[in-house]
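Asker: Below you'll find coords.cif; it's mmCIF, C-alpha atoms (C1' of nucleotides).
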```cif
data_data
loop_
_atom_site.group_PDB
_atom_site.id
_atom_site.type_symbol
_atom_site.label_atom_id
_atom_site.label_comp_id
_atom_site.auth_asym_id
_atom_site.auth_seq_id
_atom_site.Cartn_x
_atom_site.Cartn_y
_atom_site.Cartn_z
ATOM 1 C CA MET A 15 18.352 9.222 12.573
ATOM 2 C CA LYS A 16 15.272 9.016 10.406
ATOM 3 C CA ILE A 17 13.124 6.091 9.379
ATOM 4 C CA ALA A 18 10.283 6.212 6.866
ATOM 5 C CA THR A 19 7.581 4.217 5.126
ATOM 6 C CA TRP A 20 6.040 4.656 1.684
ATOM 7 C CA ASN A 21 3.597 2.573 -0.315
ATOM 8 C CA VAL A 22 4.807 3.349 -3.846
ATOM 9 C CA ASN A 23 2.126 1.460 -5.821
ATOM 10 C CA SER A 24 4.571 -0.033 -8.362
ATOM 11 C CA LEU A 25 8.282 0.533 -7.914
ATOM 12 C CA SER A 26 8.768 0.307 -11.683
ATOM 13 C CA VAL A 27 6.677 3.413 -12.184
ATOM 14 C CA ARG A 28 7.780 5.227 -9.038
ATOM 15 C CA LEU A 29 11.539 4.507 -8.943
ATOM 16 C CA PRO A 30 12.551 7.991 -10.179
ATOM 17 C CA GLN A 31 10.286 9.577 -7.544
ATOM 18 C CA VAL A 32 11.702 7.355 -4.798
ATOM 19 C CA LEU A 33 15.275 8.232 -5.745
ATOM 20 C CA ALA A 34 14.423 11.934 -5.910
ATOM 21 C CA TRP A 35 12.698 11.739 -2.537
ATOM 22 C CA LEU A 36 15.669 9.949 -0.951
ATOM 23 C CA SER A 37 17.997 12.576 -2.360
ATOM 24 C CA ALA A 38 15.918 15.335 -0.742
ATOM 25 C CA ASN A 39 15.186 13.253 2.384
ATOM 26 C CA PRO A 40 18.271 11.181 3.178
ATOM 27 C CA VAL A 41 16.690 8.840 5.729
ATOM 28 C CA ASP A 42 18.579 5.967 7.304
ATOM 29 C CA ALA A 43 15.870 3.445 6.481
ATOM 30 C CA LEU A 44 12.950 3.521 4.048
ATOM 31 C CA CYS A 45 10.306 0.807 4.040
ATOM 32 C CA LEU A 46 8.607 0.354 0.668
ATOM 33 C CA GLN A 47 5.353 -1.461 -0.041
ATOM 34 C CA GLU A 48 3.520 -2.552 -3.183
ATOM 35 C CA LEU A 49 6.597 -3.067 -5.303
ATOM 36 C CA LYS A 50 4.548 -5.150 -7.773
ATOM 37 C CA MET A 51 7.689 -6.792 -9.136
ATOM 38 C CA THR A 52 9.699 -9.957 -8.702
ATOM 39 C CA ASP A 53 13.123 -9.731 -7.063
ATOM 40 C CA ASP A 54 14.924 -10.351 -10.352
ATOM 41 C CA LYS A 55 13.470 -7.050 -11.596
ATOM 42 C CA PHE A 56 14.288 -5.090 -8.432
ATOM 43 C CA PRO A 57 16.522 -2.049 -9.117
ATOM 44 C CA PHE A 58 19.288 -2.911 -6.641
ATOM 45 C CA ASP A 59 21.864 -1.052 -8.753
ATOM 46 C CA ALA A 60 19.914 2.214 -8.774
ATOM 47 C CA PHE A 61 19.682 2.235 -4.987
ATOM 48 C CA GLN A 62 23.342 1.314 -4.637
ATOM 49 C CA ALA A 63 24.292 4.195 -6.915
ATOM 50 C CA ALA A 64 22.279 6.466 -4.617
ATOM 51 C CA GLY A 65 24.221 5.206 -1.611
ATOM 52 C CA TYR A 66 21.654 2.750 -0.327
ATOM 53 C CA GLN A 67 21.472 -0.938 0.368
ATOM 54 C CA ALA A 68 18.283 -2.746 -0.655
ATOM 55 C CA THR A 69 16.713 -5.911 0.705
ATOM 56 C CA ALA A 70 13.682 -7.016 -1.273
ATOM 57 C CA PHE A 71 10.828 -9.472 -1.005
ATOM 58 C CA GLY A 72 8.696 -9.152 -4.096
ATOM 59 C CA GLN A 73 6.296 -11.110 -6.234
ATOM 60 C CA LYS A 74 4.641 -10.710 -9.582
ATOM 61 C CA THR A 75 1.902 -8.076 -10.059
ATOM 62 C CA TYR A 76 0.852 -7.605 -6.436
ATOM 63 C CA ASN A 77 2.248 -6.804 -2.977
ATOM 64 C CA GLY A 78 6.002 -6.858 -2.433
ATOM 65 C CA VAL A 79 8.038 -5.070 0.245
ATOM 66 C CA ALA A 80 11.602 -3.819 0.510
ATOM 67 C CA LEU A 81 13.952 -2.289 3.028
ATOM 68 C CA ILE A 82 16.200 0.511 1.780
ATOM 69 C CA THR A 83 18.978 1.345 4.236
ATOM 70 C CA ARG A 84 22.199 3.315 4.418
ATOM 71 C CA GLU A 85 23.958 0.520 6.268
ATOM 72 C CA PRO A 86 23.811 -3.211 5.617
ATOM 73 C CA VAL A 87 21.206 -5.125 7.636
ATOM 74 C CA ASP A 88 21.235 -8.614 9.103
ATOM 75 C CA SER A 89 18.836 -11.259 10.429
ATOM 76 C CA VAL A 90 16.430 -10.754 7.524
ATOM 77 C CA VAL A 91 13.015 -12.402 7.849
ATOM 78 C CA ARG A 92 10.530 -12.652 4.991
ATOM 79 C CA ASN A 93 6.825 -12.915 5.894
ATOM 80 C CA ILE A 94 5.522 -14.011 9.278
ATOM 81 C CA PRO A 95 7.359 -17.077 10.585
ATOM 82 C CA GLY A 96 5.001 -20.025 10.947
ATOM 83 C CA PHE A 97 2.262 -18.346 8.908
ATOM 84 C CA ALA A 98 2.025 -19.828 5.429
ATOM 85 C CA ASP A 99 1.350 -16.996 2.995
ATOM 86 C CA GLU A 100 1.692 -16.887 -0.771
ATOM 87 C CA GLN A 101 1.660 -13.088 -0.694
ATOM 88 C CA SER A 102 4.848 -11.103 -0.018
ATOM 89 C CA ARG A 103 3.811 -8.701 2.732
ATOM 90 C CA VAL A 104 6.490 -8.554 5.409
ATOM 91 C CA ILE A 105 10.237 -8.042 5.500
ATOM 92 C CA ALA A 106 12.107 -7.555 8.762
ATOM 93 C CA ALA A 107 15.761 -6.924 9.444
ATOM 94 C CA THR A 108 18.144 -5.556 12.043
ATOM 95 C CA LEU A 109 19.946 -2.278 11.363
ATOM 96 C CA PRO A 110 23.042 -1.356 13.373
ATOM 97 C CA THR A 111 22.853 2.122 14.954
ATOM 98 C CA PRO A 112 25.012 4.070 17.430
ATOM 99 C CA ASP A 113 22.410 3.302 20.103
ATOM 100 C CA GLY A 114 22.356 -0.398 19.391
ATOM 101 C CA PRO A 115 20.565 -2.654 16.930
ATOM 102 C CA LEU A 116 17.263 -1.388 15.561
ATOM 103 C CA ARG A 117 14.787 -4.052 14.516
ATOM 104 C CA ILE A 118 12.723 -2.858 11.572
ATOM 105 C CA VAL A 119 9.538 -4.659 10.576
ATOM 106 C CA ASN A 120 8.053 -3.525 7.269
ATOM 107 C CA GLY A 121 4.479 -4.644 6.582
ATOM 108 C CA TYR A 122 2.032 -4.326 3.751
ATOM 109 C CA PHE A 123 -1.112 -5.234 5.665
ATOM 110 C CA VAL A 124 -3.971 -6.979 3.890
ATOM 111 C CA ASN A 125 -6.548 -4.632 2.349
ATOM 112 C CA GLY A 126 -9.534 -6.883 3.050
ATOM 113 C CA GLN A 127 -11.908 -5.450 0.416
ATOM 114 C CA ALA A 128 -15.084 -5.514 2.541
ATOM 115 C CA PRO A 129 -16.385 -7.178 5.697
ATOM 116 C CA ASP A 130 -17.906 -10.627 5.088
ATOM 117 C CA THR A 131 -15.542 -11.462 2.249
ATOM 118 C CA ASP A 132 -12.831 -14.124 2.064
ATOM 119 C CA LYS A 133 -10.268 -11.324 1.774
ATOM 120 C CA PHE A 134 -11.493 -9.797 5.027
ATOM 121 C CA ALA A 135 -11.205 -13.161 6.774
ATOM 122 C CA TYR A 136 -7.636 -13.408 5.450
ATOM 123 C CA LYS A 137 -6.969 -9.921 6.802
ATOM 124 C CA LEU A 138 -8.045 -10.951 10.293
ATOM 125 C CA THR A 139 -6.028 -14.191 10.343
ATOM 126 C CA TRP A 140 -3.007 -12.285 8.992
ATOM 127 C CA LEU A 141 -3.384 -9.643 11.716
ATOM 128 C CA THR A 142 -3.608 -12.327 14.397
ATOM 129 C CA ALA A 143 -0.466 -14.016 13.093
ATOM 130 C CA LEU A 144 1.375 -10.697 12.972
ATOM 131 C CA GLN A 145 0.405 -9.889 16.540
ATOM 132 C CA ASN A 146 1.522 -13.280 17.844
ATOM 133 C CA TRP A 147 4.843 -13.043 16.040
ATOM 134 C CA LEU A 148 5.498 -9.468 17.162
ATOM 135 C CA ARG A 149 4.898 -10.412 20.775
ATOM 136 C CA ASP A 150 7.922 -12.736 20.547
ATOM 137 C CA GLU A 151 9.872 -10.375 18.322
ATOM 138 C CA LEU A 152 9.583 -7.561 20.880
ATOM 139 C CA ILE A 153 11.131 -9.738 23.572
ATOM 140 C CA ILE A 154 14.086 -10.570 21.340
ATOM 141 C CA HIS A 155 14.367 -7.038 19.912
ATOM 142 C CA PRO A 156 13.222 -4.407 22.447
ATOM 143 C CA ARG A 157 14.261 -1.609 20.070
ATOM 144 C CA LEU A 158 11.646 -2.377 17.428
ATOM 145 C CA ALA A 159 9.818 -0.275 14.863
ATOM 146 C CA LEU A 160 6.840 -1.516 12.858
ATOM 147 C CA LEU A 161 6.304 0.542 9.732
ATOM 148 C CA GLY A 162 4.065 0.188 6.741
ATOM 149 C CA ASP A 163 0.702 0.386 5.092
ATOM 150 C CA PHE A 164 -1.634 -0.898 7.800
ATOM 151 C CA ASN A 165 -4.843 -0.521 5.798
ATOM 152 C CA ILE A 166 -6.685 0.402 9.019
ATOM 153 C CA THR A 167 -7.770 3.769 10.382
ATOM 154 C CA ALA A 168 -6.866 3.800 14.081
ATOM 155 C CA ASP A 169 -9.822 6.038 14.933
ATOM 156 C CA ASP A 170 -12.244 8.540 13.440
ATOM 157 C CA ARG A 171 -9.602 11.267 13.226
ATOM 158 C CA ASP A 172 -7.883 9.171 10.558
ATOM 159 C CA SER A 173 -10.755 9.306 8.057
ATOM 160 C CA TYR A 174 -12.210 12.096 5.922
ATOM 161 C CA ASP A 175 -15.716 10.712 6.502
ATOM 162 C CA PRO A 176 -15.909 8.573 9.651
ATOM 163 C CA GLN A 177 -19.713 8.732 9.777
ATOM 164 C CA GLY A 178 -20.339 7.890 6.138
ATOM 165 C CA LEU A 179 -17.708 5.139 6.184
ATOM 166 C CA HIS A 180 -18.718 3.744 9.597
ATOM 167 C CA GLU A 181 -17.976 -0.012 9.773
ATOM 168 C CA THR A 182 -16.822 -0.144 6.148
ATOM 169 C CA ILE A 183 -13.394 -1.449 5.167
ATOM 170 C CA HIS A 184 -10.514 0.233 7.041
ATOM 171 C CA HIS A 185 -13.058 1.545 9.559
ATOM 172 C CA THR A 186 -14.502 -1.568 11.185
ATOM 173 C CA THR A 187 -14.397 -2.133 14.919
ATOM 174 C CA VAL A 188 -12.674 -5.474 14.493
ATOM 175 C CA GLU A 189 -9.870 -3.982 12.379
ATOM 176 C CA ARG A 190 -9.343 -1.213 14.934
ATOM 177 C CA GLU A 191 -9.262 -3.796 17.725
ATOM 178 C CA HIS A 192 -6.452 -5.563 15.889
ATOM 179 C CA LEU A 193 -4.487 -2.329 15.605
ATOM 180 C CA ARG A 194 -5.176 -1.662 19.269
ATOM 181 C CA ALA A 195 -3.830 -5.135 20.080
ATOM 182 C CA LEU A 196 -0.554 -4.260 18.376
ATOM 183 C CA LEU A 197 -0.326 -1.087 20.450
ATOM 184 C CA ASP A 198 -1.140 -3.088 23.578
ATOM 185 C CA LEU A 199 2.000 -5.155 22.993
ATOM 186 C CA GLY A 200 3.859 -2.012 24.005
ATOM 187 C CA MET A 201 3.939 -0.056 20.758
ATOM 188 C CA HIS A 202 3.196 3.610 20.157
ATOM 189 C CA ASP A 203 1.786 5.441 17.127
ATOM 190 C CA ALA A 204 4.654 7.863 16.425
ATOM 191 C CA PHE A 205 2.440 10.345 14.575
ATOM 192 C CA ARG A 206 0.062 10.739 17.536
ATOM 193 C CA GLN A 207 2.852 11.511 19.995
ATOM 194 C CA PHE A 208 2.716 15.076 18.656
ATOM 195 C CA GLU A 209 0.132 17.734 18.016
ATOM 196 C CA GLN A 210 -1.000 17.278 14.420
ATOM 197 C CA ALA A 211 -3.256 19.175 12.063
ATOM 198 C CA GLU A 212 -6.818 17.918 11.774
ATOM 199 C CA LYS A 213 -7.549 15.814 8.712
ATOM 200 C CA SER A 214 -3.976 14.576 8.388
ATOM 201 C CA PHE A 215 -3.970 11.677 5.935
ATOM 202 C CA SER A 216 -1.412 9.469 4.166
ATOM 203 C CA TRP A 217 -3.569 8.139 1.314
ATOM 204 C CA TRP A 218 -6.008 9.780 -1.079
ATOM 205 C CA ASP A 219 -8.086 8.119 -3.788
ATOM 206 C CA TYR A 220 -6.932 8.843 -7.320
ATOM 207 C CA ARG A 221 -10.548 9.330 -8.297
ATOM 208 C CA ASP A 222 -12.761 12.337 -7.894
ATOM 209 C CA PHE A 223 -9.966 14.779 -6.986
ATOM 210 C CA GLY A 224 -9.420 12.958 -3.704
ATOM 211 C CA PHE A 225 -6.158 14.727 -2.898
ATOM 212 C CA ARG A 226 -7.301 18.173 -3.970
ATOM 213 C CA ARG A 227 -10.393 17.808 -1.765
ATOM 214 C CA ASN A 228 -8.387 16.124 1.019
ATOM 215 C CA ARG A 229 -10.689 13.134 0.973
ATOM 216 C CA GLY A 230 -8.152 10.735 2.443
ATOM 217 C CA LEU A 231 -7.293 8.248 5.166
ATOM 218 C CA ARG A 232 -4.372 7.866 7.526
ATOM 219 C CA ILE A 233 -3.491 4.220 7.059
ATOM 220 C CA ASP A 234 0.329 4.353 6.928
ATOM 221 C CA TYR A 235 1.943 4.168 10.347
ATOM 222 C CA ILE A 236 5.179 4.058 12.269
ATOM 223 C CA LEU A 237 4.790 2.164 15.547
ATOM 224 C CA LEU A 238 7.639 2.317 18.034
ATOM 225 C CA SER A 239 8.425 0.113 21.010
ATOM 226 C CA ASP A 240 8.714 1.684 24.480
ATOM 227 C CA LEU A 241 12.486 1.993 24.207
ATOM 228 C CA LEU A 242 12.324 3.734 20.835
ATOM 229 C CA LYS A 243 9.480 6.011 21.857
ATOM 230 C CA SER A 244 11.725 7.625 24.446
ATOM 231 C CA SER A 245 14.046 8.807 21.664
ATOM 232 C CA LEU A 246 11.302 9.962 19.255
ATOM 233 C CA LYS A 247 11.853 13.566 18.150
ATOM 234 C CA ASN A 248 9.294 14.070 15.435
ATOM 235 C CA CYS A 249 6.893 12.328 13.075
ATOM 236 C CA VAL A 250 5.451 13.855 9.914
ATOM 237 C CA ILE A 251 3.519 12.907 6.807
ATOM 238 C CA ASP A 252 5.287 14.278 3.747
ATOM 239 C CA LYS A 253 2.569 15.268 1.294
ATOM 240 C CA ALA A 254 4.993 16.631 -1.309
ATOM 241 C CA PRO A 255 5.280 13.442 -3.427
ATOM 242 C CA ARG A 256 1.490 13.289 -3.761
ATOM 243 C CA LYS A 257 1.771 16.451 -5.884
ATOM 244 C CA ASN A 258 4.134 14.790 -8.375
ATOM 245 C CA GLU A 259 3.036 13.783 -11.841
ATOM 246 C CA ARG A 260 1.915 10.151 -11.754
ATOM 247 C CA PRO A 261 2.043 10.040 -7.958
ATOM 248 C CA SER A 262 1.539 7.062 -5.721
ATOM 249 C CA ASP A 263 -1.822 7.287 -3.962
ATOM 250 C CA HIS A 264 0.122 7.008 -0.675
ATOM 251 C CA THR A 265 2.694 9.454 0.614
ATOM 252 C CA PRO A 266 5.681 8.944 2.946
ATOM 253 C CA VAL A 267 5.576 8.998 6.740
ATOM 254 C CA VAL A 268 8.855 9.888 8.464
ATOM 255 C CA ALA A 269 9.953 9.568 12.090
ATOM 256 C CA GLU A 270 13.061 11.119 13.575
ATOM 257 C CA LEU A 271 14.806 9.331 16.412
ATOM 258 C CA GLY A 272 17.529 11.008 18.426
ATOM 259 C CA THR A 273 19.812 10.302 21.320
ATOM 260 C CA ASP A 274 18.882 11.861 24.642
ATOM 261 C "C1'" DA B 17 -23.293 4.574 -7.764
ATOM 262 C "C1'" DT B 18 -22.537 -1.817 -10.231
ATOM 263 C "C1'" DG B 19 -19.209 4.941 -11.083
ATOM 264 C "C1'" DA B 20 -14.628 7.662 -10.947
ATOM 265 C "C1'" DC B 21 -8.285 6.509 -11.248
ATOM 266 C "C1'" DG B 22 -4.152 3.949 -11.806
ATOM 267 C "C1'" DG B 23 -1.154 -0.369 -12.162
ATOM 268 C "C1'" DT B 24 -0.437 -5.054 -14.071
ATOM 269 C "C1'" DG B 25 -1.022 -8.808 -17.216
ATOM 270 C "C1'" DT B 26 -0.425 -11.645 -22.420
ATOM 271 C "C1'" DG B 27 -4.437 -7.613 -22.371
ATOM 272 C "C1'" DG B 28 -8.063 -5.487 -26.223
ATOM 273 C "C1'" DC B 29 -11.016 -6.103 -20.546
ATOM 274 C "C1'" DA B 30 -10.426 -8.230 -15.744
ATOM 275 C "C1'" DC B 31 -8.657 -7.902 -11.378
ATOM 276 C "C1'" DC B 32 -7.035 -5.349 -7.547
ATOM 277 C "C1'" DG B 33 -6.303 -1.525 -4.585
ATOM 278 C "C1'" DA B 34 -8.629 1.530 -0.508
#
```
For this file, produce the structure as structure tokens.
Answerer:
Amino acid sequence: MKIATWNVNSLSVRLPQVLAWLSANPVDALCLQELKMTDDKFPFDAFQAAGYQATAFGQKTYNGVALITREPVDSVVRNIPGFADEQSRVIAATLPTPDGPLRIVNGYFVNGQAPDTDKFAYKLTWLTALQNWLRDELIIHPRLALLGDFNITADDRDSYDPQGLHETIHHTTVEREHLRALLDLGMHDAFRQFEQAEKSFSWWDYRDFGFRRNRGLRIDYILLSDLLKSSLKNCVIDKAPRKNERPSDHTPVVAELGTD
DNA sequence: ATGACGGTGTGGCACCGA
């Protein structure tokens, strides 16, 4: 089976591209971020017509996450339990699979703008809350995948200019420590389980020919629990949608899980 | 580089993203 994540930067604009991508890449679960729409505007019918179930958690203008799955999900959780948040950034649900229930956590992590801003402080408190919740979630759901737009480069390999961007947003030590803390809960970066090309990124700035010059960052991740890691077959970044007209600035990341 | 590009809103620029 395949699971994927994609920050679409407005589902209204990108819906045709998402449907086309799903048609060419029939994954079992697709985590979407930055819907930028309220749930009453969510295109449930379009996904249903394409053979998919959708579970959405949107808001006006900003943020918003959704889970697109072949099979119906259960035990849906919106945002981090116990963490009051006006922004719609997390949706989790359990997907039945032949190997047992798969817990999927879809996150649109806080951007944080710049160190020493209120938004950065919010990023750090949000990351702490996520970590504390996931610690419990992993005990309840040992087959757990955390997918989404993390807005953190795990290390210097994940940035087109690690020296020039040293300790700037997405590159700070404290952000990387938070990502490390998630991994230390017993999670694994699916992409790094395999040999990958240098300068592999999942986001490129719209400005200044960022994609053409491969000036990008790897900030979209699929993290797998120990149990899921043992069944991981492959993990790739699909750059094809970034070549579309009116592309999202992010591109999908896909992991394939198999039975041993 | 206080820039670029792209999306949203009740807009004619401001805010946000990364």
Asker: Care to translate the PyMOL selection byres ((chain A and resi 104) around 6) into actual residues of this file, as a list in words?
Answerer: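 Expected selection for the PyMOL selection byres ((chain A and resi 104) around 6) here is Arg92, Asn93, Arg103, Ile105, Asn120 and Gly121 of chain A.
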Asker: Expand the PyMOL selection byres ((chain B and resi 17-22) around 7) into the individual residues it matches in the shown file, reporting them as a ChimeraX atom specification.
Answerer: /A:220-222 /B:23
Asker: Taking all atoms listed in the file into account, name the residue in A:Glu85, A:Glu259, A:Asp219, A:Glu212 that is nearest to chain B.
Answerer: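 For chain B, the nearest of the candidates is A:Asp219.
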Asker: Taking (4.6, 4.1, 8.9) in the file's coordinates, which residues come within 12 Å, counting all atoms listed in the file, written as a CSV table (one decimal) with C-alpha atoms, in the frame of the given file?
Answerer:
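Full text of out.csv as output:
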```csv
chain,number,residue,atom,x,y,z
A,16,LYS,CA,15.3,9.0,10.4
A,17,ILE,CA,13.1,6.1,9.4
A,18,ALA,CA,10.3,6.2,6.9
A,19,THR,CA,7.6,4.2,5.1
A,20,TRP,CA,6.0,4.7,1.7
A,21,ASN,CA,3.6,2.6,-0.3
A,43,ALA,CA,15.9,3.4,6.5
A,44,LEU,CA,13.0,3.5,4.0
A,45,CYS,CA,10.3,0.8,4.0
A,46,LEU,CA,8.6,0.4,0.7
A,47,GLN,CA,5.4,-1.5,0.0
A,118,ILE,CA,12.7,-2.9,11.6
A,119,VAL,CA,9.5,-4.7,10.6
A,120,ASN,CA,8.1,-3.5,7.3
A,121,GLY,CA,4.5,-4.6,6.6
A,122,TYR,CA,2.0,-4.3,3.8
A,123,PHE,CA,-1.1,-5.2,5.7
A,159,ALA,CA,9.8,-0.3,14.9
A,160,LEU,CA,6.8,-1.5,12.9
A,161,LEU,CA,6.3,0.5,9.7
A,162,GLY,CA,4.1,0.2,6.7
A,163,ASP,CA,0.7,0.4,5.1
A,164,PHE,CA,-1.6,-0.9,7.8
A,165,ASN,CA,-4.8,-0.5,5.8
A,166,ILE,CA,-6.7,0.4,9.0
A,202,HIS,CA,3.2,3.6,20.2
A,203,ASP,CA,1.8,5.4,17.1
A,204,ALA,CA,4.7,7.9,16.4
A,205,PHE,CA,2.4,10.3,14.6
A,206,ARG,CA,0.1,10.7,17.5
A,215,PHE,CA,-4.0,11.7,5.9
A,216,SER,CA,-1.4,9.5,4.2
A,217,TRP,CA,-3.6,8.1,1.3
A,232,ARG,CA,-4.4,7.9,7.5
A,233,ILE,CA,-3.5,4.2,7.1
A,234,ASP,CA,0.3,4.4,6.9
A,235,TYR,CA,1.9,4.2,10.3
A,236,ILE,CA,5.2,4.1,12.3
A,237,LEU,CA,4.8,2.2,15.5
A,238,LEU,CA,7.6,2.3,18.0
A,249,CYS,CA,6.9,12.3,13.1
A,250,VAL,CA,5.5,13.9,9.9
A,251,ILE,CA,3.5,12.9,6.8
A,252,ASP,CA,5.3,14.3,3.7
A,264,HIS,CA,0.1,7.0,-0.7
A,265,THR,CA,2.7,9.5,0.6
A,266,PRO,CA,5.7,8.9,2.9
A,267,VAL,CA,5.6,9.0,6.7
A,268,VAL,CA,8.9,9.9,8.5
A,269,ALA,CA,10.0,9.6,12.1
A,270,GLU,CA,13.1,11.1,13.6
```
Asker: Restrict the distance test to only C-alpha atoms (C1' of nucleotides), flag each residue of chain A within 9 Å of chain B, and return the flagged residues as a PDB file with C-alpha atoms, in the coordinates of the input.
Answerer:
```
ATOM      1  CA  ASN A  23       2.126   1.460  -5.821  1.00  0.00           C
ATOM      2  CA  SER A  24       4.571  -0.033  -8.362  1.00  0.00           C
ATOM      3  CA  VAL A  27       6.677   3.413 -12.184  1.00  0.00           C
ATOM      4  CA  LYS A  50       4.548  -5.150  -7.773  1.00  0.00           C
ATOM      5  CA  LYS A  74       4.641 -10.710  -9.582  1.00  0.00           C
ATOM      6  CA  THR A  75       1.902  -8.076 -10.059  1.00  0.00           C
ATOM      7  CA  TYR A  76       0.852  -7.605  -6.436  1.00  0.00           C
ATOM      8  CA  ASN A 125      -6.548  -4.632   2.349  1.00  0.00           C
ATOM      9  CA  GLN A 127     -11.908  -5.450   0.416  1.00  0.00           C
ATOM     10  CA  ASN A 165      -4.843  -0.521   5.798  1.00  0.00           C
ATOM     11  CA  ILE A 183     -13.394  -1.449   5.167  1.00  0.00           C
ATOM     12  CA  HIS A 184     -10.514   0.233   7.041  1.00  0.00           C
ATOM     13  CA  TRP A 217      -3.569   8.139   1.314  1.00  0.00           C
ATOM     14  CA  TRP A 218      -6.008   9.780  -1.079  1.00  0.00           C
ATOM     15  CA  ASP A 219      -8.086   8.119  -3.788  1.00  0.00           C
ATOM     16  CA  TYR A 220      -6.932   8.843  -7.320  1.00  0.00           C
ATOM     17  CA  ARG A 221     -10.548   9.330  -8.297  1.00  0.00           C
ATOM     18  CA  ASP A 222     -12.761  12.337  -7.894  1.00  0.00           C
ATOM     19  CA  LEU A 231      -7.293   8.248   5.166  1.00  0.00           C
ATOM     20  CA  ARG A 260       1.915  10.151 -11.754  1.00  0.00           C
ATOM     21  CA  SER A 262       1.539   7.062  -5.721  1.00  0.00           C
ATOM     22  CA  ASP A 263      -1.822   7.287  -3.962  1.00  0.00           C
TER      23      ASP A 263
END
```
Asker: What does the distance between CA of Ala195 in chain A and CA of Gly114 in chain A come to in Å, to one decimal place?
Answerer: 26.6 Å
Asker: Just how far from CA of Arg28 in chain A is CA of Arg227 in chain A, in Å to one decimal?
Answerer: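 CA of Arg227 in chain A sits 23.3 Å away from CA of Arg28 in chain A.
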Asker: In Å, with one decimal, what is the gap from CA of Arg229 in chain A to CA of Ala254 in chain A?
Answerer: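 CA of Ala254 in chain A lies 16.2 Å from CA of Arg229 in chain A.
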Asker: Which one of A:Gln145, A:Ser214, A:Ser244, A:Thr131 sits closest to Asp198 in chain A if you count all atoms listed in the file?
Answerer: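 Ranked by minimum distance to Asp198 in chain A, first place goes to A:Gln145.
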Asker: List the neighbours of Ala68 in chain A out to 8 Å using only C-alpha atoms (C1' of nucleotides); skip same-chain residues closer than 2 positions along the sequence, and give me the result as a PyMOL selection string.
Answerer: chain A and resi 58+61-62+66+70+80-83
Asker: Only C-alpha atoms, please: the residues just picked out, written as a PDB file, in the frame of the given file.
Answerer:
```
ATOM      1  CA  PHE A  58      19.288  -2.911  -6.641  1.00  0.00           C
ATOM      2  CA  PHE A  61      19.682   2.235  -4.987  1.00  0.00           C
ATOM      3  CA  GLN A  62      23.342   1.314  -4.637  1.00  0.00           C
ATOM      4  CA  TYR A  66      21.654   2.750  -0.327  1.00  0.00           C
ATOM      5  CA  ALA A  70      13.682  -7.016  -1.273  1.00  0.00           C
ATOM      6  CA  ALA A  80      11.602  -3.819   0.510  1.00  0.00           C
ATOM      7  CA  LEU A  81      13.952  -2.289   3.028  1.00  0.00           C
ATOM      8  CA  ILE A  82      16.200   0.511   1.780  1.00  0.00           C
ATOM      9  CA  THR A  83      18.978   1.345   4.236  1.00  0.00           C
TER      10      THR A  83
END
```
Asker: Taking the file as shown, find all residues satisfying the PyMOL selection byres ((chain A and resi 199) around 12) and write them as a VMD selection string.
Answerer: chain A and resid 144 to 153 156 158 160 192 to 198 200 to 202 237 to 240
